[in-house]
>>> print(open('model_18.csv').read())   # CSV, C-alpha atoms and all ligand atoms
chain,number,residue,atom,x,y,z
A,1,MET,CA,0.0,0.0,0.0
A,2,ASN,CA,1.4,3.4,-1.0
A,3,LEU,CA,0.7,6.0,1.7
A,4,THR,CA,3.2,8.6,0.4
A,5,ALA,CA,3.0,12.0,-1.2
A,6,THR,CA,5.3,14.6,-2.8
A,7,ILE,CA,5.3,18.4,-2.6
A,8,ALA,CA,7.9,20.5,-4.3
A,9,GLY,CA,10.2,17.5,-4.8
A,10,PHE,CA,10.0,16.6,-1.1
A,11,ASN,CA,8.9,13.0,-0.5
A,12,PHE,CA,6.7,12.2,2.4
A,13,GLU,CA,6.8,8.6,3.4
A,14,HIS,CA,3.7,9.2,5.6
A,15,ILE,CA,1.1,11.9,4.9
A,16,MET,CA,0.4,13.1,8.5
A,17,LEU,CA,2.1,15.7,10.6
A,18,ASN,CA,1.1,18.1,13.4
A,19,ALA,CA,-0.7,21.3,12.8
A,20,ALA,CA,1.3,24.4,13.6
A,21,GLY,CA,0.8,25.4,17.1
A,22,VAL,CA,0.4,21.8,18.5
A,23,MET,CA,3.4,19.8,19.8
A,24,CYS,CA,5.8,22.1,18.0
A,25,GLN,CA,6.9,25.1,20.2
A,26,THR,CA,10.1,23.5,21.7
A,27,ALA,CA,12.8,21.3,20.3
A,28,GLU,CA,11.6,18.4,22.5
A,29,GLU,CA,8.0,18.7,21.1
A,30,LEU,CA,9.3,19.0,17.5
A,31,ASP,CA,11.5,15.9,18.0
A,32,SER,CA,8.6,13.9,19.5
A,33,VAL,CA,6.6,14.5,16.2
A,34,LEU,CA,9.6,13.6,14.0
A,35,ALA,CA,10.3,10.5,16.1
A,36,SER,CA,6.9,9.0,15.4
A,37,ALA,CA,7.1,6.2,12.8
A,38,HIS,CA,3.7,7.4,11.5
A,39,THR,CA,4.5,11.0,10.6
A,40,GLY,CA,6.0,12.2,7.4
A,41,ALA,CA,7.1,15.7,8.5
A,42,VAL,CA,6.8,18.3,11.2
A,43,VAL,CA,5.8,21.9,11.2
A,44,THR,CA,7.2,24.5,13.7
A,45,LYS,CA,5.1,26.7,15.8
A,46,SER,CA,4.5,29.9,13.8
A,47,ALA,CA,7.4,32.1,14.6
A,48,THR,CA,7.6,35.9,15.1
A,49,SER,CA,11.0,37.7,14.9
A,50,SER,CA,11.2,37.8,18.7
A,51,LEU,CA,10.2,35.4,21.5
A,52,ARG,CA,6.6,35.9,22.6
A,53,PRO,CA,5.0,34.7,25.8
A,54,GLY,CA,1.5,34.8,24.2
A,55,ASN,CA,-1.8,35.6,25.9
A,56,PRO,CA,-2.6,35.2,29.6
A,57,ALA,CA,-4.0,31.8,30.7
A,58,PRO,CA,-6.4,30.2,30.7
A,59,ARG,CA,-6.0,30.3,26.9
A,60,TYR,CA,-6.7,26.7,25.9
A,61,TYR,CA,-9.7,24.5,26.6
A,62,GLU,CA,-10.9,21.0,25.5
A,63,LEU,CA,-14.6,20.8,25.1
A,64,PRO,CA,-16.4,17.8,26.8
A,65,ASN,CA,-17.4,14.8,24.7
A,66,LYS,CA,-14.4,15.2,22.4
A,67,LEU,CA,-16.2,18.0,20.5
A,68,GLY,CA,-13.0,19.9,20.0
A,69,THR,CA,-10.9,22.7,21.4
A,70,ILE,CA,-10.9,26.5,21.7
A,71,ASN,CA,-7.6,28.5,22.0
A,72,SER,CA,-6.4,32.0,22.2
A,73,MET,CA,-2.7,31.2,22.7
A,74,GLY,CA,-1.7,34.6,21.3
A,75,LEU,CA,1.2,33.3,19.2
A,76,PRO,CA,3.6,32.2,21.9
A,77,ASN,CA,6.8,31.1,20.4
A,78,GLU,CA,10.6,30.9,21.1
A,79,GLY,CA,11.4,33.4,18.3
A,80,PHE,CA,12.6,33.0,14.8
A,81,ASN,CA,16.2,32.3,15.6
A,82,TYR,CA,15.3,29.5,17.9
A,83,TYR,CA,13.6,27.6,15.1
A,84,MET,CA,16.4,28.5,12.6
A,85,ASP,CA,18.9,27.0,15.1
A,86,TYR,CA,16.6,23.9,15.4
A,87,VAL,CA,16.3,23.3,11.7
A,88,ALA,CA,20.1,24.0,11.2
A,89,LYS,CA,21.0,21.3,13.7
A,90,LYS,CA,18.3,18.7,13.0
A,91,GLN,CA,19.4,15.6,11.3
A,92,THR,CA,16.3,14.0,9.8
A,93,HIS,CA,15.2,12.5,6.5
A,94,LYS,CA,11.7,13.9,7.0
A,95,PRO,CA,10.9,17.3,5.5
A,96,ILE,CA,10.4,20.2,7.9
A,97,PHE,CA,7.9,23.0,7.5
A,98,PHE,CA,9.1,26.3,8.9
A,99,SER,CA,6.0,28.3,9.9
A,100,ILE,CA,6.1,32.1,10.2
A,101,ALA,CA,3.4,34.5,11.4
A,102,GLY,CA,4.9,38.0,11.6
A,103,LEU,CA,2.7,40.8,13.0
A,104,SER,CA,3.2,42.9,9.9
A,105,LYS,CA,4.0,42.5,6.2
A,106,GLN,CA,7.5,43.9,6.9
A,107,GLU,CA,8.2,41.4,9.7
A,108,ASN,CA,7.1,38.5,7.4
A,109,LEU,CA,9.2,39.7,4.5
A,110,GLU,CA,12.2,40.1,6.8
A,111,MET,CA,11.9,36.5,8.0
A,112,LEU,CA,11.4,35.3,4.5
A,113,HIS,CA,14.6,37.1,3.5
A,114,GLN,CA,16.5,35.4,6.3
A,115,LEU,CA,15.1,32.0,5.3
A,116,GLN,CA,16.0,32.6,1.7
A,117,ASP,CA,19.5,33.5,2.5
A,118,SER,CA,19.9,30.6,4.9
A,119,ASP,CA,20.9,26.9,4.4
A,120,PHE,CA,17.4,25.9,5.4
A,121,ASN,CA,16.3,23.1,3.0
A,122,GLY,CA,12.7,22.6,3.8
A,123,LEU,CA,9.3,24.2,3.1
A,124,VAL,CA,8.1,27.5,4.5
A,125,GLU,CA,4.5,28.1,5.6
A,126,LEU,CA,3.4,31.7,5.7
A,127,ASN,CA,0.6,31.8,8.3
A,128,LEU,CA,-1.8,34.4,7.2
A,129,SER,CA,-4.6,33.3,9.5
A,130,CYS,CA,-3.8,33.6,13.2
A,131,PRO,CA,-7.0,34.7,14.9
A,132,ASN,CA,-5.7,35.4,18.3
A,133,VAL,CA,-3.4,38.4,18.4
A,134,PRO,CA,-5.5,41.2,19.9
A,135,GLY,CA,-5.9,44.0,17.4
A,136,LYS,CA,-4.4,42.1,14.5
A,137,PRO,CA,-6.8,40.9,11.7
A,138,GLN,CA,-6.4,37.5,10.0
A,139,THR,CA,-4.5,38.7,6.9
A,140,ALA,CA,-6.0,36.2,4.5
A,141,TYR,CA,-9.4,37.8,5.1
A,142,ASP,CA,-8.0,40.9,3.4
A,143,PHE,CA,-7.5,39.9,-0.2
A,144,GLU,CA,-5.6,43.0,-1.2
A,145,ALA,CA,-3.1,42.5,1.7
A,146,THR,CA,-2.7,38.8,0.7
A,147,GLN,CA,-2.0,39.7,-2.9
A,148,ALA,CA,0.5,42.4,-1.8
A,149,ILE,CA,2.5,40.2,0.5
A,150,LEU,CA,2.7,37.3,-2.0
A,151,THR,CA,3.7,39.7,-4.8
A,152,GLU,CA,6.6,41.1,-2.7
A,153,ALA,CA,7.6,37.7,-1.3
A,154,PHE,CA,7.9,36.2,-4.8
A,155,THR,CA,10.2,39.0,-6.0
A,156,PHE,CA,13.0,37.3,-4.0
A,157,PHE,CA,11.8,34.0,-2.4
A,158,THR,CA,12.7,30.9,-4.4
A,159,LYS,CA,12.4,28.1,-1.9
A,160,PRO,CA,9.1,26.1,-1.5
A,161,LEU,CA,6.5,28.4,0.0
A,162,GLY,CA,2.9,27.8,1.0
A,163,VAL,CA,0.3,29.7,2.9
A,164,LYS,CA,-1.9,28.8,5.9
A,165,LEU,CA,-5.4,30.0,5.4
A,166,PRO,CA,-8.4,30.7,7.6
A,167,PRO,CA,-11.6,29.0,6.7
A,168,TYR,CA,-13.8,30.8,4.1
A,169,PHE,CA,-17.6,30.5,4.3
A,170,ASP,CA,-18.7,32.1,1.0
A,171,ILE,CA,-18.4,30.6,-2.5
A,172,VAL,CA,-17.4,34.0,-3.9
A,173,HIS,CA,-14.6,34.1,-1.3
A,174,PHE,CA,-13.4,30.7,-2.4
A,175,ASP,CA,-13.3,32.2,-6.0
A,176,ASP,CA,-11.5,35.3,-4.8
A,177,ILE,CA,-8.7,33.7,-2.8
A,178,ALA,CA,-8.1,31.0,-5.4
A,179,ASN,CA,-7.8,33.7,-8.1
A,180,ILE,CA,-5.1,35.4,-6.0
A,181,LEU,CA,-3.2,32.2,-5.1
A,182,ASN,CA,-3.2,31.0,-8.7
A,183,GLN,CA,-1.1,34.0,-9.7
A,184,PHE,CA,1.9,32.7,-7.6
A,185,PRO,CA,4.1,29.6,-7.8
A,186,LEU,CA,3.0,28.4,-4.4
A,187,ALA,CA,4.1,24.9,-3.4
A,188,PHE,CA,1.1,24.3,-1.2
A,189,VAL,CA,-1.9,25.8,0.5
A,190,ASN,CA,-2.8,24.6,4.0
A,191,THR,CA,-6.4,24.8,4.9
A,192,ILE,CA,-7.9,25.4,7.4
A,193,ASN,CA,-6.6,27.2,10.5
A,194,SER,CA,-9.0,27.2,13.5
A,195,ILE,CA,-12.3,28.9,13.0
A,196,GLY,CA,-11.6,32.3,14.5
A,197,ASN,CA,-13.4,33.9,17.4
A,198,GLY,CA,-15.7,31.2,18.7
A,199,LEU,CA,-17.1,31.3,22.2
A,200,VAL,CA,-17.5,28.4,24.7
A,201,ILE,CA,-19.3,28.6,28.0
A,202,ASP,CA,-18.7,26.6,31.2
A,203,ASP,CA,-22.2,25.4,32.1
A,204,ALA,CA,-21.4,25.2,35.8
A,205,THR,CA,-20.2,28.8,36.2
A,206,ASP,CA,-21.9,30.7,33.3
A,207,THR,CA,-18.4,31.8,32.4
A,208,VAL,CA,-16.3,31.8,29.3
A,209,VAL,CA,-13.6,29.1,29.4
A,210,ILE,CA,-10.6,31.1,28.2
A,211,LYS,CA,-9.4,34.5,29.5
A,212,PRO,CA,-8.1,36.5,26.4
A,213,LYS,CA,-10.5,38.6,24.4
A,214,GLY,CA,-13.4,38.0,26.7
A,215,GLY,CA,-13.4,34.3,25.8
A,216,PHE,CA,-13.2,34.6,22.0
A,217,GLY,CA,-10.8,32.0,20.5
A,218,GLY,CA,-10.0,29.7,17.6
A,219,VAL,CA,-12.1,26.6,17.5
A,220,GLY,CA,-10.7,23.3,16.3
A,221,GLY,CA,-11.5,19.6,16.4
A,222,THR,CA,-14.6,17.7,15.5
A,223,LEU,CA,-16.7,20.9,15.5
A,224,VAL,CA,-14.8,22.2,12.4
A,225,LYS,CA,-14.6,19.1,10.2
A,226,ALA,CA,-17.4,20.1,7.8
A,227,THR,CA,-15.9,23.5,7.2
A,228,ALA,CA,-12.4,22.1,6.8
A,229,LEU,CA,-13.6,19.6,4.2
A,230,ALA,CA,-15.5,22.3,2.3
A,231,ASN,CA,-12.4,24.5,2.2
A,232,VAL,CA,-10.1,21.6,1.0
A,233,ARG,CA,-12.6,20.6,-1.7
A,234,ALA,CA,-13.4,24.2,-2.8
A,235,LEU,CA,-9.7,25.1,-3.2
A,236,ARG,CA,-8.7,21.8,-4.8
A,237,LEU,CA,-11.4,22.4,-7.5
A,238,ARG,CA,-10.1,26.0,-8.0
A,239,LEU,CA,-6.3,25.9,-7.6
A,240,ASN,CA,-3.7,25.1,-10.2
A,241,PRO,CA,-2.8,21.4,-9.9
A,242,GLU,CA,0.8,22.3,-9.1
A,243,ILE,CA,-0.4,23.9,-5.9
A,244,LYS,CA,-0.7,21.0,-3.5
A,245,ILE,CA,-3.1,21.0,-0.5
A,246,ILE,CA,-2.5,20.2,3.1
A,247,GLY,CA,-5.8,19.4,4.8
A,248,THR,CA,-6.2,20.5,8.4
A,249,GLY,CA,-9.2,20.6,10.7
A,250,GLY,CA,-11.5,18.1,12.3
A,251,VAL,CA,-9.3,15.1,12.1
A,252,THR,CA,-10.0,12.6,14.9
A,253,SER,CA,-10.3,9.3,13.0
A,254,GLY,CA,-8.9,7.5,10.0
A,255,ARG,CA,-12.1,8.2,8.3
A,256,ASP,CA,-11.5,12.0,8.7
A,257,VAL,CA,-8.1,11.6,7.2
A,258,TYR,CA,-9.7,9.6,4.3
A,259,ASP,CA,-12.3,12.3,3.8
A,260,HIS,CA,-9.6,15.1,3.6
A,261,ILE,CA,-7.8,13.0,0.9
A,262,LEU,CA,-11.1,12.4,-0.9
A,263,CYS,CA,-11.6,16.2,-1.0
A,264,GLY,CA,-8.1,16.6,-2.5
A,265,ALA,CA,-5.6,16.8,0.3
A,266,ASP,CA,-2.0,15.6,-0.3
A,267,LEU,CA,-1.0,15.8,3.3
A,268,VAL,CA,-3.2,15.9,6.4
A,269,GLU,CA,-2.4,17.7,9.7
A,270,VAL,CA,-3.7,16.9,13.1
A,271,GLY,CA,-4.2,19.7,15.7
A,272,SER,CA,-6.7,19.3,18.4
A,273,GLN,CA,-6.7,15.5,18.5
A,274,LEU,CA,-2.9,15.5,18.8
A,275,ALA,CA,-3.1,17.9,21.7
A,276,ILE,CA,-5.8,15.6,23.3
A,277,GLU,CA,-4.3,12.2,22.5
A,278,GLY,CA,-0.5,12.8,22.1
A,279,VAL,CA,1.8,11.6,19.4
A,280,ALA,CA,0.3,8.1,19.6
A,281,VAL,CA,-2.6,9.5,17.6
A,282,PHE,CA,-0.6,9.2,14.4
A,283,GLU,CA,-0.3,5.4,14.7
A,284,ARG,CA,-4.0,5.0,15.4
A,285,LEU,CA,-5.0,7.3,12.5
A,286,GLU,CA,-2.7,5.6,10.0
A,287,ARG,CA,-4.0,2.2,11.1
A,288,GLU,CA,-7.6,3.3,10.7
A,289,LEU,CA,-6.9,4.9,7.4
A,290,SER,CA,-5.2,1.8,6.1
A,291,GLU,CA,-8.1,-0.4,7.1
A,292,ILE,CA,-10.5,1.8,5.1
A,293,ILE,CA,-8.2,1.8,2.1
A,294,ILE,CA,-8.0,-2.0,2.1
A,295,GLU,CA,-11.7,-2.3,2.7
A,296,LYS,CA,-12.4,-0.2,-0.4
A,297,GLY,CA,-9.9,-2.1,-2.5
A,298,TYR,CA,-7.5,0.7,-3.1
A,299,THR,CA,-3.7,0.4,-3.1
A,300,SER,CA,-2.6,4.0,-3.0
A,301,LEU,CA,-3.8,7.4,-2.0
A,302,ALA,CA,-3.8,8.4,-5.7
A,303,ASP,CA,-6.6,5.9,-6.3
A,304,PHE,CA,-9.1,8.1,-4.4
A,305,ARG,CA,-7.5,11.5,-3.8
A,306,GLY,CA,-9.9,14.2,-5.0
A,307,GLN,CA,-12.4,11.6,-6.1
A,308,LEU,CA,-15.3,12.8,-4.0
A,309,LYS,CA,-18.6,12.0,-5.7
A,310,VAL,CA,-21.4,14.5,-6.1
A,311,ILE,CA,-25.1,13.7,-6.8
A,312,ALA,CA,-25.8,14.1,-10.5
B,401,LIG,C1,-0.2,31.5,14.9
B,401,LIG,C2,-1.1,31.7,15.9
B,401,LIG,C3,-2.3,30.9,16.0
B,401,LIG,C4,-2.8,30.6,17.2
B,401,LIG,C5,-2.3,31.2,18.5
B,401,LIG,O1,-1.1,31.2,18.7
B,401,LIG,O2,-3.2,31.7,19.2
B,401,LIG,N1,-3.9,29.8,17.4
B,401,LIG,C6,-4.6,29.3,16.3
B,401,LIG,O3,-5.6,28.5,16.4
B,401,LIG,N2,-4.1,29.5,15.1
B,401,LIG,C7,-3.0,30.3,14.8
B,401,LIG,O4,-2.6,30.5,13.7
>>> encode(input="model_18.csv", output="structure tokens", more="lines below")
Ligand SMILES: C=Cc1c(C(=O)O)[nH]c(=O)[nH]c1=O
Amino acid sequence: MNLTATIAGFNFEHIMLNAAGVMCQTAEELDSVLASAHTGAVVTKSATSSLRPGNPAPRYYELPNKLGTINSMGLPNEGFNYYMDYVAKKQTHKPIFFSIAGLSKQENLEMLHQLQDSDFNGLVELNLSCPNVPGKPQTAYDFEATQAILTEAFTFFTKPLGVKLPPYFDIVHFDDIANILNQFPLAFVNTINSIGNGLVIDDATDTVVIKPKGGFGGVGGTLVKATALANVRALRLRLNPEIKIIGTGGVTSGRDVYDHILCGADLVEVGSQLAIEGVAVFERLERELSEIIIEKGYTSLADFRGQLKVIA
């Protein structure tokens, strides 16, 4: 059975990895994802130029009945140079995604220049969708800003570059963002980030469950699967075939991984369920996915990738 994928000449022996933000802030966490026999890569916590402590706690909460998670971490990370040191020293055959989330276009361009001028030989994920920095919008909801930063980035950046997108909820918005992204030689698009600014209430106390922003935070896990699949499907149908898709959002079972691939995903990321279950989740998901593939008589992901059926 062939459970591999390729993006920008990088071969992935397994198609799952962590979602940026989960199990990836420190070298130890990054190593634990790479050490799994069932991951094909790792992505770093989105980096800013300088170390950030993030928002005040409580800033993360797991909903009861495995419904999902809500977070307003606030972009805590060890700072750009920490992750540059990590990737410089790391000996691994698995590709590494270096995620960046600068608080301005200039900060993102400066980090891209440093990555371009470095020996980093991996893929770069420009996170345009962090919902939790107070006062900062999710860039990818501003189509002009998205076009502008990609236009400037591609005047100098030649390494494999992708973008992490927020979920869109309007067919016209799928059209609009795809028309922008298709103008650039992107290696991949990663969709979706958490659904921004959800609100969860603690029944016992009539209180929000996280402190930042009056309880507003990004929602992930089971709750977001239908939106995640819609975004993977909509972008796969619209993007140039050279732009690969990383499907993220709502993955808690092998069937969820299968559904992301059916909608067109080449790689699949696990966020909330990884935070809940730990790195053992990858073995379970890959086993469950394999059982489904065998049951359906397929031998490779290419047999069913993007083959979602519609009702005639
Ligand atoms: C990079 C910041 C993000 C964060 C965060 O650090 O609050 N949470 C998310 O759900 N998505 C993000 O992109």
>>> residues_around(input="model_18.csv", residues="range 71-73 of chain A", least_positions_apart="6", cutoff="7 Å", atoms="only C-alpha atoms", output="MDAnalysis selection string")
chainID A and resid 54:55 59:61 132 212 217:219
>>> residues_near_ligand(input="model_18.csv", ligand="ligand LIG 401 (chain B)", cutoff="9 Å", atoms="all atoms listed in the file", output="PyMOL selection string")
chain A and resi 20-21+45-48+54-55+59+70-77+99-102+127-133+138+164-166+193-196+217-220+271
>>> closest_residue(input="model_18.csv", among="A:Ile149, A:Leu109, A:Ala228, A:Leu63", to="Ile261 in chain A", atoms="all atoms listed in the file")
A:Ala228
>>> closest_residue(input="model_18.csv", among="A:Ile177, A:Leu267, A:Ile243, A:Leu285", to="Ile15 in chain A", atoms="only C-alpha atoms")
A:Leu267
>>> atom_distance(input="model_18.csv", atom1="CA of Val209 in chain A", atom2="CA of Ala57 in chain A")
10.1 Å
>>> closest_residue(input="model_18.csv", among="A:Asp266, A:Arg284, A:Thr4, A:Leu67", to="Gly306 in chain A", atoms="only C-alpha atoms")
A:Asp266
>>> residues_around(input="model_18.csv", residues="Ile192 in chain A", least_positions_apart="6", cutoff="10 Å", atoms="all atoms listed in the file", output="PyMOL selection string")
chain A and resi 19+129+164-168+220+224-225+227-232+246-250+269
>>> closest_atom_pairs(input="model_18.csv", of="range 164-208 of chain A", to="range 154-157 of chain A", cutoff="12 Å", atoms="only C-alpha atoms", output="Markdown table")
| residue | atom | partner | partner_atom | distance |
| --- | --- | --- | --- | --- |
| A:Leu181 | CA | A:Phe154 | CA | 11.8 |
| A:Gln183 | CA | A:Phe154 | CA | 10.5 |
| A:Phe184 | CA | A:Phe154 | CA | 7.5 |
| A:Pro185 | CA | A:Phe154 | CA | 8.2 |
| A:Leu186 | CA | A:Phe154 | CA | 9.2 |
| A:Ala187 | CA | A:Phe157 | CA | 12.0 |
>>> closest_residue(input="model_18.csv", among="A:Ala265, A:Val251, A:Val87, A:Ala280", to="Lys66 in chain A", atoms="all atoms listed in the file")
A:Val251
>>> atom_distance(input="model_18.csv", atom1="CA of Val42 in chain A", atom2="CA of Val270 in chain A")
10.8 Å
>>> residues_around(input="model_18.csv", residues="Gly40 in chain A", least_positions_apart="2", cutoff="10 Å", atoms="only C-alpha atoms", output="PyMOL selection string")
chain A and resi 3-5+11-18+33-38+42+93-96+267-268
>>> residues_around(input="model_18.csv", residues="Leu123 in chain A", least_positions_apart="5", cutoff="8 Å", atoms="only C-alpha atoms", output="PyMOL selection string")
chain A and resi 95-98+159-162
>>> atom_distance(input="model_18.csv", atom1="CA of Ile293 in chain A", atom2="CA of Asn240 in chain A")
26.7 Å
>>> residues_around(input="model_18.csv", residues="Phe120 in chain A", least_positions_apart="5", cutoff="8 Å", atoms="all atoms listed in the file", output="PyMOL selection string")
chain A and resi 84+87-88+115
>>> closest_residue(input="model_18.csv", among="A:Thr44, A:Gln91, A:Leu150, A:Thr191", to="Glu78 in chain A", atoms="only C-alpha atoms")
A:Thr44
>>> closest_residue(input="model_18.csv", among="A:Tyr83, A:Glu125, A:Phe169, A:Gln106", to="Glu152 in chain A", atoms="only C-alpha atoms")
A:Gln106
>>> decode(input="model_18.csv", residues="range 129-138 of chain A", atoms="all heavy atoms", output="mmCIF file, in the first residue's frame")
data_model
loop_
_atom_site.group_PDB
_atom_site.id
_atom_site.type_symbol
_atom_site.label_atom_id
_atom_site.label_comp_id
_atom_site.auth_asym_id
_atom_site.auth_seq_id
_atom_site.Cartn_x
_atom_site.Cartn_y
_atom_site.Cartn_z
ATOM 1 N N SER A 129 -3.238 33.571 8.971
ATOM 2 C CA SER A 129 -4.573 33.307 9.532
ATOM 3 C C SER A 129 -4.637 33.198 11.050
ATOM 4 O O SER A 129 -5.565 32.606 11.584
ATOM 5 C CB SER A 129 -5.101 32.006 8.927
ATOM 6 O OG SER A 129 -4.103 30.989 8.977
ATOM 7 N N CYS A 130 -3.663 33.744 11.762
ATOM 8 C CA CYS A 130 -3.753 33.647 13.216
ATOM 9 C C CYS A 130 -4.904 34.533 13.704
ATOM 10 O O CYS A 130 -4.921 35.735 13.447
ATOM 11 C CB CYS A 130 -2.458 34.073 13.900
ATOM 12 S SG CYS A 130 -2.592 33.927 15.714
ATOM 13 N N PRO A 131 -5.874 33.943 14.431
ATOM 14 C CA PRO A 131 -7.046 34.716 14.868
ATOM 15 C C PRO A 131 -6.910 35.328 16.263
ATOM 16 O O PRO A 131 -7.863 35.950 16.742
ATOM 17 C CB PRO A 131 -8.148 33.649 14.881
ATOM 18 C CG PRO A 131 -7.428 32.399 15.284
ATOM 19 C CD PRO A 131 -6.018 32.513 14.737
ATOM 20 N N ASN A 132 -5.746 35.133 16.907
ATOM 21 C CA ASN A 132 -5.724 35.388 18.349
ATOM 22 C C ASN A 132 -4.777 36.472 18.821
ATOM 23 O O ASN A 132 -4.481 36.557 20.018
ATOM 24 C CB ASN A 132 -5.378 34.090 19.075
ATOM 25 C CG ASN A 132 -6.416 33.025 18.826
ATOM 26 O OD1 ASN A 132 -7.616 33.317 18.708
ATOM 27 N ND2 ASN A 132 -5.965 31.791 18.682
ATOM 28 N N VAL A 133 -4.267 37.303 17.916
ATOM 29 C CA VAL A 133 -3.420 38.411 18.362
ATOM 30 C C VAL A 133 -4.310 39.652 18.464
ATOM 31 O O VAL A 133 -4.763 40.183 17.440
ATOM 32 C CB VAL A 133 -2.252 38.667 17.386
ATOM 33 C CG1 VAL A 133 -1.432 39.855 17.869
ATOM 34 C CG2 VAL A 133 -1.378 37.423 17.273
ATOM 35 N N PRO A 134 -4.607 40.066 19.689
ATOM 36 C CA PRO A 134 -5.545 41.179 19.857
ATOM 37 C C PRO A 134 -5.169 42.377 18.981
ATOM 38 O O PRO A 134 -4.013 42.763 18.918
ATOM 39 C CB PRO A 134 -5.402 41.527 21.347
ATOM 40 C CG PRO A 134 -5.032 40.215 21.989
ATOM 41 C CD PRO A 134 -4.130 39.527 20.991
ATOM 42 N N GLY A 135 -6.143 42.862 18.254
ATOM 43 C CA GLY A 135 -5.902 44.046 17.419
ATOM 44 C C GLY A 135 -5.354 43.723 16.045
ATOM 45 O O GLY A 135 -5.254 44.613 15.186
ATOM 46 N N LYS A 136 -4.996 42.453 15.805
ATOM 47 C CA LYS A 136 -4.446 42.092 14.503
ATOM 48 C C LYS A 136 -5.459 41.258 13.726
ATOM 49 O O LYS A 136 -5.950 40.256 14.224
ATOM 50 C CB LYS A 136 -3.156 41.264 14.671
ATOM 51 C CG LYS A 136 -1.980 42.067 15.206
ATOM 52 C CD LYS A 136 -1.481 43.046 14.167
ATOM 53 C CE LYS A 136 -0.314 43.882 14.685
ATOM 54 N NZ LYS A 136 0.078 44.936 13.707
ATOM 55 N N PRO A 137 -5.788 41.637 12.504
ATOM 56 C CA PRO A 137 -6.756 40.857 11.709
ATOM 57 C C PRO A 137 -6.103 39.605 11.129
ATOM 58 O O PRO A 137 -4.881 39.498 11.109
ATOM 59 C CB PRO A 137 -7.130 41.821 10.583
ATOM 60 C CG PRO A 137 -5.892 42.626 10.371
ATOM 61 C CD PRO A 137 -5.269 42.794 11.747
ATOM 62 N N GLN A 138 -6.940 38.671 10.693
ATOM 63 C CA GLN A 138 -6.408 37.500 9.969
ATOM 64 C C GLN A 138 -6.154 37.977 8.531
ATOM 65 O O GLN A 138 -7.085 38.215 7.767
ATOM 66 C CB GLN A 138 -7.421 36.357 10.023
ATOM 67 C CG GLN A 138 -7.595 35.798 11.432
ATOM 68 C CD GLN A 138 -8.767 34.852 11.565
ATOM 69 O OE1 GLN A 138 -9.833 35.231 12.010
ATOM 70 N NE2 GLN A 138 -8.582 33.603 11.179
#
